[in-house]
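Engineer: Provided below: structure_29.pdb, containing PDB, C-alpha atoms.
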```
MODEL        1
ATOM      1  CA  MET A1402      78.537 -36.046 115.780
ATOM      2  CA  LYS A1403      76.731 -32.828 114.754
ATOM      3  CA  LYS A1404      77.272 -31.839 111.124
ATOM      4  CA  GLY A1405      75.358 -28.500 111.036
ATOM      5  CA  PHE A1406      73.856 -25.784 113.172
ATOM      6  CA  ALA A1407      71.050 -26.624 115.506
ATOM      7  CA  LEU A1408      68.046 -24.309 115.545
ATOM      8  CA  LEU A1409      69.027 -23.082 119.011
ATOM      9  CA  GLU A1410      72.519 -22.106 117.802
ATOM     10  CA  THR A1411      71.088 -20.218 114.853
ATOM     11  CA  ILE A1412      68.646 -18.332 117.086
ATOM     12  CA  ILE A1413      71.429 -17.363 119.515
ATOM     13  CA  VAL A1414      73.603 -16.041 116.665
ATOM     14  CA  ILE A1415      70.697 -14.064 115.199
ATOM     15  CA  THR A1416      69.924 -12.608 118.629
ATOM     16  CA  PHE A1417      73.532 -11.452 118.979
ATOM     17  CA  VAL A1418      73.518  -9.922 115.507
ATOM     18  CA  THR A1419      70.225  -8.137 116.256
ATOM     19  CA  VAL A1420      71.509  -6.710 119.540
ATOM     20  CA  SER A1421      74.716  -5.508 117.807
ATOM     21  CA  LEU A1422      72.705  -3.836 115.059
ATOM     22  CA  LEU A1423      70.442  -2.140 117.590
ATOM     23  CA  LEU A1424      73.483  -0.809 119.467
ATOM     24  CA  LEU A1425      74.914   0.442 116.171
ATOM     25  CA  TYR A1426      71.605   2.124 115.381
ATOM     26  CA  GLY A1427      71.598   3.830 118.794
ATOM     27  CA  THR A1428      75.126   5.149 118.221
ATOM     28  CA  PHE A1429      74.265   6.372 114.722
ATOM     29  CA  THR A1430      71.117   8.186 115.793
ATOM     30  CA  SER A1431      72.872   9.968 118.660
ATOM     31  CA  MET A1432      75.607  11.070 116.217
ATOM     32  CA  ILE A1433      72.973  12.351 113.820
ATOM     33  CA  ASP A1434      71.170  14.159 116.671
ATOM     34  CA  ASN A1435      74.428  15.887 117.611
ATOM     35  CA  SER A1436      75.127  16.950 114.048
ATOM     36  CA  ARG A1437      71.549  18.282 113.704
ATOM     37  CA  LYS A1438      72.120  20.203 116.952
ATOM     38  CA  ASN A1439      75.228  21.742 115.379
ATOM     39  CA  LEU A1440      73.118  22.846 112.430
ATOM     40  CA  LEU A1441      70.374  24.372 114.579
ATOM     41  CA  TYR A1442      72.426  26.071 117.288
ATOM     42  CA  ASP A1443      74.563  29.191 116.917
ATOM     43  CA  ASP A1444      74.827  29.263 113.143
ATOM     44  CA  ALA A1445      77.459  31.866 112.146
ATOM     45  CA  ALA A1446      74.983  34.009 110.173
ATOM     46  CA  ASN A1447      72.500  33.976 113.067
ATOM     47  CA  VAL A1448      75.175  34.876 115.632
ATOM     48  CA  TYR A1449      76.075  38.015 113.643
ATOM     49  CA  LYS A1450      72.394  38.913 113.327
ATOM     50  CA  MET A1451      72.156  38.652 117.118
ATOM     51  CA  TYR A1452      75.272  40.799 117.506
ATOM     52  CA  PHE A1453      73.848  43.628 115.395
ATOM     53  CA  LEU A1454      70.427  43.297 116.999
ATOM     54  CA  LYS A1455      71.989  43.513 120.460
ATOM     55  CA  GLU A1456      73.939  46.631 119.446
ATOM     56  CA  TYR A1457      70.766  48.249 118.184
ATOM     57  CA  LEU A1458      68.609  47.219 121.146
ATOM     58  CA  GLU A1459      71.239  48.573 123.526
ATOM     59  CA  LEU A1460      70.638  51.972 121.941
ATOM     60  CA  ASN A1461      66.968  51.433 122.726
ATOM     61  CA  GLN A1462      67.152  50.761 126.473
ATOM     62  CA  LEU A1463      67.707  47.005 126.456
ATOM     63  CA  ASP A1464      69.259  47.230 129.942
ATOM     64  CA  GLN A1465      65.963  48.231 131.587
ATOM     65  CA  TYR A1466      64.732  44.653 131.041
ATOM     66  CA  MET A1467      67.630  43.035 132.885
ATOM     67  CA  ASN A1468      65.681  42.478 136.077
ATOM     68  CA  ARG A1469      64.375  38.889 135.898
ATOM     69  CA  ASN A1470      65.794  35.450 135.154
ATOM     70  CA  ILE A1471      64.159  35.190 131.737
ATOM     71  CA  VAL A1472      62.451  38.063 129.973
ATOM     72  CA  SER A1473      60.508  37.403 126.787
ATOM     73  CA  LEU A1474      60.948  40.522 124.654
ATOM     74  CA  SER A1475      58.712  41.766 121.883
ATOM     75  CA  CYS A1476      58.681  44.836 119.651
ATOM     76  CA  ASP A1477      56.062  46.394 121.965
ATOM     77  CA  ASP A1478      58.866  46.765 124.528
ATOM     78  CA  PHE A1479      60.934  49.018 122.275
ATOM     79  CA  GLN A1480      60.174  52.494 121.024
ATOM     80  CA  PHE A1481      61.371  52.194 117.450
ATOM     81  CA  ALA A1482      59.182  51.581 114.444
ATOM     82  CA  SER A1483      61.583  49.394 112.454
ATOM     83  CA  CYS A1484      61.699  46.681 115.164
ATOM     84  CA  SER A1485      59.132  44.413 113.484
ATOM     85  CA  SER A1486      60.749  44.634 110.084
ATOM     86  CA  ILE A1487      64.194  43.828 111.572
ATOM     87  CA  MET A1488      62.703  40.789 113.335
ATOM     88  CA  ASP A1489      61.076  39.669 110.072
ATOM     89  CA  ASP A1490      64.264  40.180 108.059
ATOM     90  CA  PHE A1491      66.265  38.251 110.650
ATOM     91  CA  GLN A1492      63.573  35.516 110.765
ATOM     92  CA  ILE A1493      63.406  35.881 114.558
ATOM     93  CA  ASP A1494      60.232  34.412 116.029
ATOM     94  CA  HIS A1495      60.979  35.067 119.718
ATOM     95  CA  LEU A1496      63.586  37.017 121.610
ATOM     96  CA  TYR A1497      64.605  36.284 125.192
ATOM     97  CA  LEU A1498      66.899  37.950 127.679
ATOM     98  CA  VAL A1499      68.245  35.197 129.924
ATOM     99  CA  LYS A1500      70.293  35.655 133.104
ATOM    100  CA  TYR A1501      73.786  34.383 132.470
ATOM    101  CA  GLY A1502      74.471  30.852 133.781
ATOM    102  CA  LEU A1503      70.786  30.264 134.578
ATOM    103  CA  LYS A1504      70.100  26.596 135.298
ATOM    104  CA  ASP A1505      67.006  26.448 137.520
ATOM    105  CA  TYR A1506      63.864  27.940 136.049
ATOM    106  CA  ASP A1507      60.315  26.868 135.330
ATOM    107  CA  GLU A1508      60.898  24.899 132.137
ATOM    108  CA  SER A1509      57.182  24.252 131.638
ATOM    109  CA  THR A1510      56.695  27.910 130.625
ATOM    110  CA  TYR A1511      58.981  27.569 127.616
ATOM    111  CA  SER A1512      59.232  25.296 124.611
ATOM    112  CA  SER A1513      61.266  22.111 124.887
ATOM    113  CA  SER A1514      63.581  23.263 122.077
ATOM    114  CA  PHE A1515      64.298  26.492 123.986
ATOM    115  CA  ASN A1516      64.992  24.525 127.197
ATOM    116  CA  ARG A1517      67.367  22.198 125.326
ATOM    117  CA  TYR A1518      69.267  25.176 123.927
ATOM    118  CA  ILE A1519      69.585  26.856 127.349
ATOM    119  CA  THR A1520      70.986  23.665 128.905
ATOM    120  CA  SER A1521      73.466  23.304 126.015
ATOM    121  CA  LEU A1522      75.108  26.680 126.705
ATOM    122  CA  SER A1523      78.635  26.419 128.080
ATOM    123  CA  ASN A1524      78.618  29.606 130.203
ATOM    124  CA  LYS A1525      82.395  29.960 130.128
ATOM    125  CA  GLU A1526      82.473  33.711 129.487
ATOM    126  CA  GLY A1527      81.453  36.313 132.024
ATOM    127  CA  TYR A1528      78.308  38.213 131.020
ATOM    128  CA  ASP A1529      75.325  39.506 132.980
ATOM    129  CA  TYR A1530      72.707  38.296 130.506
ATOM    130  CA  ILE A1531      72.490  36.599 127.156
ATOM    131  CA  LEU A1532      70.187  37.696 124.380
ATOM    132  CA  VAL A1533      68.723  34.543 122.840
ATOM    133  CA  GLY A1534      67.097  34.607 119.422
ATOM    134  CA  GLU A1535      64.652  31.902 118.398
ATOM    135  CA  PHE A1536      64.756  31.811 114.607
ATOM    136  CA  LEU A1537      62.053  30.144 112.572
ATOM    137  CA  VAL A1538      63.807  28.990 109.417
ATOM    138  CA  ASP A1539      62.085  26.698 106.907
ATOM    139  CA  GLY A1540      59.598  25.652 109.614
ATOM    140  CA  GLU A1541      62.351  24.648 112.041
ATOM    141  CA  TYR A1542      63.429  26.470 115.200
ATOM    142  CA  GLN A1543      67.071  27.534 115.357
ATOM    143  CA  TYR A1544      68.782  29.337 118.212
ATOM    144  CA  ALA A1545      71.647  31.781 118.559
ATOM    145  CA  SER A1546      72.727  33.996 121.425
ATOM    146  CA  ILE A1547      75.081  36.781 122.332
ATOM    147  CA  GLY A1548      76.353  37.954 125.717
ATOM    148  CA  VAL A1549      75.136  41.260 127.140
ATOM    149  CA  MET A1550      76.686  43.341 129.906
ATOM    150  CA  HIS A1551      74.473  45.403 132.189
TER     151      HIS A1551
ATOM    152  CA  MET B 952      65.901 -34.446 115.386
ATOM    153  CA  ASN B 953      68.285 -34.931 112.477
ATOM    154  CA  LYS B 954      71.767 -34.019 113.749
ATOM    155  CA  ASN B 955      73.462 -34.226 110.343
ATOM    156  CA  GLY B 956      72.360 -30.756 109.152
ATOM    157  CA  PHE B 957      69.347 -28.466 108.924
ATOM    158  CA  THR B 958      65.876 -29.805 108.812
ATOM    159  CA  ILE B 959      63.510 -27.900 106.523
ATOM    160  CA  LEU B 960      61.794 -26.457 109.603
ATOM    161  CA  GLU B 961      65.099 -25.120 111.002
ATOM    162  CA  LEU B 962      65.945 -23.588 107.640
ATOM    163  CA  LEU B 963      62.553 -21.915 107.326
ATOM    164  CA  ILE B 964      62.706 -20.458 110.829
ATOM    165  CA  SER B 965      66.298 -19.219 110.274
ATOM    166  CA  ILE B 966      65.362 -17.593 106.960
ATOM    167  CA  ALA B 967      62.337 -15.927 108.573
ATOM    168  CA  LEU B 968      64.460 -14.531 111.425
ATOM    169  CA  ILE B 969      67.191 -13.303 109.072
ATOM    170  CA  SER B 970      64.526 -11.644 106.913
ATOM    171  CA  VAL B 971      63.145  -9.786 109.929
ATOM    172  CA  VAL B 972      66.648  -8.561 110.871
ATOM    173  CA  LEU B 973      67.360  -7.472 107.292
ATOM    174  CA  LEU B 974      64.047  -5.614 107.106
ATOM    175  CA  LEU B 975      64.905  -3.744 110.320
ATOM    176  CA  LEU B 976      68.341  -2.917 108.909
ATOM    177  CA  LEU B 977      66.814  -1.703 105.647
ATOM    178  CA  ARG B 978      64.461   0.604 107.566
ATOM    179  CA  VAL B 979      67.399   2.060 109.528
ATOM    180  CA  MET B 980      69.365   2.627 106.322
ATOM    181  CA  MET B 981      66.408   4.335 104.671
ATOM    182  CA  GLN B 982      66.059   6.673 107.662
ATOM    183  CA  LEU B 983      69.762   7.518 107.464
ATOM    184  CA  GLU B 984      69.399   8.226 103.748
ATOM    185  CA  VAL B 985      66.481  10.617 104.411
ATOM    186  CA  ILE B 986      68.471  12.476 107.093
ATOM    187  CA  ASN B 987      71.493  12.641 104.817
ATOM    188  CA  HIS B 988      69.375  13.994 101.975
ATOM    189  CA  ASP B 989      67.848  16.626 104.249
ATOM    190  CA  THR B 990      71.206  18.096 105.138
ATOM    191  CA  SER B 991      72.696  17.161 101.716
ATOM    192  CA  TYR B 992      75.681  19.378 102.230
ATOM    193  CA  ALA B 993      79.158  18.108 102.962
ATOM    194  CA  SER B 994      80.547  19.063 106.363
ATOM    195  CA  ASP B 995      83.624  20.540 104.616
ATOM    196  CA  ASP B 996      81.290  23.008 102.919
ATOM    197  CA  GLU B 997      79.599  23.812 106.218
ATOM    198  CA  ILE B 998      82.977  24.592 107.791
ATOM    199  CA  ALA B 999      83.999  26.733 104.787
ATOM    200  CA  ARG B1000      80.631  28.562 104.981
ATOM    201  CA  THR B1001      81.149  29.391 108.666
ATOM    202  CA  GLU B1002      84.735  30.498 108.019
ATOM    203  CA  LEU B1003      83.695  32.726 105.104
ATOM    204  CA  ILE B1004      80.841  34.367 107.045
ATOM    205  CA  GLN B1005      83.140  34.975 109.999
ATOM    206  CA  ASN B1006      85.938  36.451 107.834
ATOM    207  CA  ILE B1007      83.622  38.808 105.973
ATOM    208  CA  GLU B1008      81.630  39.922 109.038
ATOM    209  CA  THR B1009      84.876  40.503 110.972
ATOM    210  CA  ASP B1010      86.093  42.728 108.124
ATOM    211  CA  PHE B1011      82.756  44.594 108.108
ATOM    212  CA  LEU B1012      83.273  45.400 111.779
ATOM    213  CA  ASP B1013      87.041  45.948 111.842
ATOM    214  CA  LEU B1014      87.321  47.834 108.543
ATOM    215  CA  HIS B1015      83.975  49.682 108.861
ATOM    216  CA  LEU B1016      81.748  48.763 105.952
ATOM    217  CA  ASN B1017      80.458  51.966 104.412
ATOM    218  CA  GLY B1018      78.992  50.858 101.115
ATOM    219  CA  LEU B1019      78.935  48.177  98.435
ATOM    220  CA  THR B1020      78.283  47.605  94.762
ATOM    221  CA  ILE B1021      76.974  44.465  93.055
ATOM    222  CA  ASN B1022      77.883  43.682  89.438
ATOM    223  CA  ARG B1023      77.107  40.667  87.298
ATOM    224  CA  ASN B1024      79.952  39.826  84.886
ATOM    225  CA  GLY B1025      78.886  36.841  82.787
ATOM    226  CA  GLU B1026      79.262  33.761  84.967
ATOM    227  CA  GLU B1027      80.358  35.742  88.009
ATOM    228  CA  THR B1028      78.736  38.127  90.451
ATOM    229  CA  VAL B1029      81.174  40.595  91.958
ATOM    230  CA  ILE B1030      80.398  42.416  95.197
ATOM    231  CA  THR B1031      82.777  45.214  96.074
ATOM    232  CA  PHE B1032      82.822  46.281  99.704
ATOM    233  CA  MET B1033      83.777  49.877 100.449
ATOM    234  CA  MET B1034      85.623  49.656 103.729
ATOM    235  CA  ASP B1035      88.808  51.263 105.083
ATOM    236  CA  GLU B1036      90.375  48.817 102.632
ATOM    237  CA  GLU B1037      88.308  47.919  99.524
ATOM    238  CA  LYS B1038      87.673  44.175  99.128
ATOM    239  CA  GLU B1039      85.878  42.034  96.572
ATOM    240  CA  LEU B1040      83.703  38.971  96.906
ATOM    241  CA  VAL B1041      83.544  37.075  93.614
ATOM    242  CA  VAL B1042      80.786  34.480  93.346
ATOM    243  CA  SER B1043      80.750  31.836  90.618
ATOM    244  CA  SER B1044      78.610  28.723  90.546
ATOM    245  CA  LYS B1045      81.170  26.412  92.221
ATOM    246  CA  GLU B1046      83.307  28.773  94.297
ATOM    247  CA  VAL B1047      83.511  32.035  96.165
ATOM    248  CA  ILE B1048      86.687  34.126  96.250
ATOM    249  CA  TYR B1049      87.122  36.660  99.023
ATOM    250  CA  ASP B1050      90.281  38.637  99.640
ATOM    251  CA  ASN B1051      92.192  36.302  97.239
ATOM    252  CA  GLU B1052      91.151  33.253  99.223
ATOM    253  CA  VAL B1053      89.154  30.604  97.365
ATOM    254  CA  TYR B1054      86.271  28.779  99.047
ATOM    255  CA  PRO B1055      85.274  25.975  96.638
ATOM    256  CA  LEU B1056      82.063  23.995  97.017
ATOM    257  CA  LYS B1057      82.986  20.360  97.552
ATOM    258  CA  SER B1058      79.472  18.899  97.388
ATOM    259  CA  THR B1059      79.065  17.741  93.804
ATOM    260  CA  ASN B1060      75.328  18.498  93.708
ATOM    261  CA  ALA B1061      75.656  21.990  95.254
ATOM    262  CA  SER B1062      76.162  25.299  93.454
ATOM    263  CA  TYR B1063      75.871  29.013  94.230
ATOM    264  CA  ASP B1064      72.984  30.973  92.771
ATOM    265  CA  LEU B1065      74.459  34.040  91.064
ATOM    266  CA  CYS B1066      71.240  35.964  91.733
ATOM    267  CA  LEU B1067      71.742  37.483  95.155
ATOM    268  CA  GLU B1068      68.988  38.451  97.533
ATOM    269  CA  TYR B1069      69.659  41.969  98.730
ATOM    270  CA  LYS B1070      67.894  44.304 101.120
ATOM    271  CA  TYR B1071      68.749  47.772 102.372
ATOM    272  CA  GLN B1072      66.684  49.470 105.033
ATOM    273  CA  ASN B1073      66.910  52.857 106.738
ATOM    274  CA  LEU B1074      66.447  52.668 110.498
ATOM    275  CA  GLU B1075      65.833  55.315 113.128
ATOM    276  CA  ASN B1076      68.521  57.802 114.211
ATOM    277  CA  ASP B1077      70.521  57.551 110.945
ATOM    278  CA  TYR B1078      71.195  53.853 111.325
ATOM    279  CA  TYR B1079      70.741  51.428 108.442
ATOM    280  CA  LEU B1080      70.531  47.692 107.971
ATOM    281  CA  VAL B1081      71.918  45.879 104.955
ATOM    282  CA  MET B1082      71.466  42.159 104.339
ATOM    283  CA  PHE B1083      72.403  40.045 101.376
ATOM    284  CA  THR B1084      72.261  36.342 100.747
ATOM    285  CA  ILE B1085      74.048  34.094  98.278
ATOM    286  CA  PRO B1086      71.655  31.148  97.926
ATOM    287  CA  VAL B1087      73.090  27.641  97.716
ATOM    288  CA  LEU B1088      71.297  25.379  95.275
ATOM    289  CA  ILE B1089      71.171  21.612  95.766
ATOM    290  CA  ASP B1090      70.620  19.937  92.398
ATOM    291  CA  GLY B1091      69.602  23.364  91.064
ATOM    292  CA  VAL B1092      67.003  24.041  93.785
ATOM    293  CA  ASN B1093      67.273  26.143  96.940
ATOM    294  CA  THR B1094      65.778  23.514  99.273
ATOM    295  CA  THR B1095      66.879  25.046 102.587
ATOM    296  CA  SER B1096      68.230  28.421 103.648
ATOM    297  CA  ASN B1097      70.507  26.719 106.219
ATOM    298  CA  ASP B1098      73.254  26.437 103.606
ATOM    299  CA  ASP B1099      72.898  29.959 102.201
ATOM    300  CA  LEU B1100      75.600  32.544 102.772
ATOM    301  CA  THR B1101      73.814  35.349 104.608
ATOM    302  CA  PHE B1102      75.601  38.550 105.583
ATOM    303  CA  THR B1103      74.276  41.311 107.803
ATOM    304  CA  TYR B1104      75.527  44.744 108.700
ATOM    305  CA  LEU B1105      73.905  47.395 110.840
ATOM    306  CA  GLY B1106      75.710  50.718 110.843
ATOM    307  CA  LEU B1107      75.479  54.446 111.330
ATOM    308  CA  LYS B1108      75.251  56.577 108.178
ATOM    309  CA  ASN B1109      77.875  59.170 107.361
ATOM    310  CA  GLU B1110      78.559  61.429 104.378
ATOM    311  CA  PHE B1111      80.357  58.644 102.472
ATOM    312  CA  THR B1112      77.787  55.888 103.031
ATOM    313  CA  SER B1113      76.732  54.473  99.664
ATOM    314  CA  TYR B1114      74.536  51.406  99.154
ATOM    315  CA  PRO B1115      72.175  50.441  96.363
ATOM    316  CA  VAL B1116      68.600  50.837  97.628
ATOM    317  CA  SER B1117      67.582  47.626  95.889
ATOM    318  CA  TYR B1118      69.065  45.006  93.599
ATOM    319  CA  ALA B1119      67.399  43.009  90.853
ATOM    320  CA  CYS B1120      69.330  40.163  89.275
TER     321      CYS B1120
ENDMDL
END
```
Write the structure described by the file as structure tokens, please.

Structural biologist:
Amino acid sequence: MKKGFALLETIIVITFVTVSLLLLYGTFTSMIDNSRKNLLYDDAANVYKMYFLKEYLELNQLDQYMNRNIVSLSCDDFQFASCSSIMDDFQIDHLYLVKYGLKDYDESTYSSSFNRYITSLSNKEGYDYILVGEFLVDGEYQYASIGVMH
Amino acid sequence: MNKNGFTILELLISIALISVVLLLLLRVMMQLEVINHDTSYASDDEIARTELIQNIETDFLDLHLNGLTINRNGEETVITFMMDEEKELVVSSKEVIYDNEVYPLKSTNASYDLCLEYKYQNLENDYYLVMFTIPVLIDGVNTTSNDDLTFTYLGLKNEFTSYPVSYAC
């Protein structure tokens, strides 16, 4: 009669434990990814910055750029001198005007973080476009957006 | 093979395998610790931060912010907002009180910096932009601006508009 574990039994148990731990690790990392996404997307302070920026850009002919699926906007597009300083104060690195509900576009033109943000949008409201701000905060890209009507 | 228990070879192989698994586990735990330290801010505090920003910005818009004053009273910084209804934001190191509602910091290593960052800027066509930030310190250091309380208002000037041009702590 056997009085202890055989090597084979021990190896099988260790394999099971390893697989369980790997599964646990996978679950943990996906949870952490989601929570990091919550930190980087639509932060309350950034959403209000986008709101005020949208209000101000609307006074400066924002609607004339609503003619393509994605328009990358810069201060050269607007005729007011304080644009650059507002962008700096808001820590906005890039500004995009994106057709509402857009799913199919040439993703290779844009950064992977921007593409991930666009696919994460719920598109439950009814707007014509969304103004997307790409914020560069502490060396990390954050995103926030606000709906725009034509 | 000896069927009455482990041979020394079986024991050595088992210990080696267990060591490898434990090393992998240790690496995972260390990664989790690094991620946790990066965010280093309890989710309760993150929720309270979002709620506070939303409440104050909603008041700015609904009650028409038209000016503010910033005063340092000992261990508190008091910001008075001139709106249709005057409201105060009182900042102390472990809590913020706005409109008689207390928002305490629950993270033990976090505290508010009583020295605000403030900026006022005149824009074209009589518009202005005002921004102020209450930095959040983790163990006494402002490691990331993700936790800071940042407020923004962009408005049109009128005869009653009154903001400090600058603020030095």

Engineer: Please list, as a VMD selection string, the residues that have an atom at most 12 Å away from (75.1, 33.0, 121.4) in the coordinates of this file, counting only C-alpha atoms.

Structural biologist: chain A and resid 1441 to 1452 1455 1497 to 1499 1501 1518 to 1519 1521 to 1526 1528 1530 to 1535 1543 to 1549

Engineer: Which one is closest to A:Thr1510: A:Ser1473, A:Thr1411, A:Gln1465, A:Thr1419? Count only C-alpha atoms.

Structural biologist: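 Residue with the minimum atom-to-atom distance to A:Thr1510: A:Ser1473.
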
Engineer: Set the cut-off to 10 Å and count only C-alpha atoms: what are the residues of chain B that reach chain A? Output as a PyMOL selection string.

Structural biologist: chain B and resi 952-958+960-962+964-965+968-969+971-973+975-976+979-980+982-983+986-987+990+994+997+1000-1005+1008-1009+1070+1072-1076+1078+1080+1082+1094-1106

Engineer: Calculate how many Å separate atom CA of B:Val1116 from atom CA of B:Tyr1069, rounding to one decimal.

Structural biologist: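 According to the coordinates, atom CA of B:Val1116 and atom CA of B:Tyr1069 are separated by 9.0 Å.
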
Engineer: Could you jot down the atom CA of A:Glu1541 to atom CA of A:Asp1434 separation for me, Å, one decimal place?

Structural biologist: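 Going from atom CA of A:Glu1541 over to atom CA of A:Asp1434 covers 14.5 Å.
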
Engineer: For the atom pair atom CA of B:Lys1045 and atom CA of B:Glu1068, what is the interatomic distance in Å to one decimal place?

Structural biologist: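 Distance between the two atoms: 17.9 Å.
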
Engineer: Identify all residues satisfying the PyMOL selection byres ((chain B and resi 1015) around 10) in the given file; provide them as a list in words.

Structural biologist: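 Checking the PyMOL selection byres ((chain B and resi 1015) around 10) against this file, the residues are Thr1009, Asp1010, Phe1011, Leu1012, Asp1013, Leu1014, Leu1016, Asn1017, Gly1018, Phe1032, Met1033, Met1034, Asp1035, Glu1036, Tyr1104 and Gly1106 of chain B.
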
Engineer: Once the PyMOL selection byres ((chain A and resi 1551) around 7) has been evaluated on this model, what residues remain selected, and can you format them as a PDB file with C-alpha atoms, in the frame of the given file?

Structural biologist:
```pdb
ATOM      1  CA  ASP A1464      69.259  47.230 129.942  1.00  0.00           C
ATOM      2  CA  ASP A1529      75.325  39.506 132.980  1.00  0.00           C
ATOM      3  CA  VAL A1549      75.136  41.260 127.140  1.00  0.00           C
ATOM      4  CA  MET A1550      76.686  43.341 129.906  1.00  0.00           C
TER       5      MET A1550
END
```

Engineer: Distance cut-off 7 Å, centre (60.9, 32.2, 112.3) in file coordinates, counting only C-alpha atoms: which residues qualify? Return them as a PyMOL selection string.

Structural biologist: chain A and resi 1492-1494+1536-1538+1542

Engineer: Could you take the residues named above and write them with C-alpha atoms, as a compact mmCIF listing (two decimals), in the coordinates of the input?

Structural biologist:
```txt
# COMPACT_ATOMS: atom_id res chain seq x y z
CA GLN A 1492 63.57 35.52 110.76
CA ILE A 1493 63.41 35.88 114.56
CA ASP A 1494 60.23 34.41 116.03
CA PHE A 1536 64.76 31.81 114.61
CA LEU A 1537 62.05 30.14 112.57
CA VAL A 1538 63.81 28.99 109.42
CA TYR A 1542 63.43 26.47 115.20
```

Engineer: Of the candidates B:Ser1043, B:Ser1058, B:Thr1084, B:Thr1028, which shows the shortest atom-to-atom distance to B:Ala999, using only C-alpha atoms?

Structural biologist: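 Of the candidates, the smallest distance to B:Ala999 is held by B:Ser1058.
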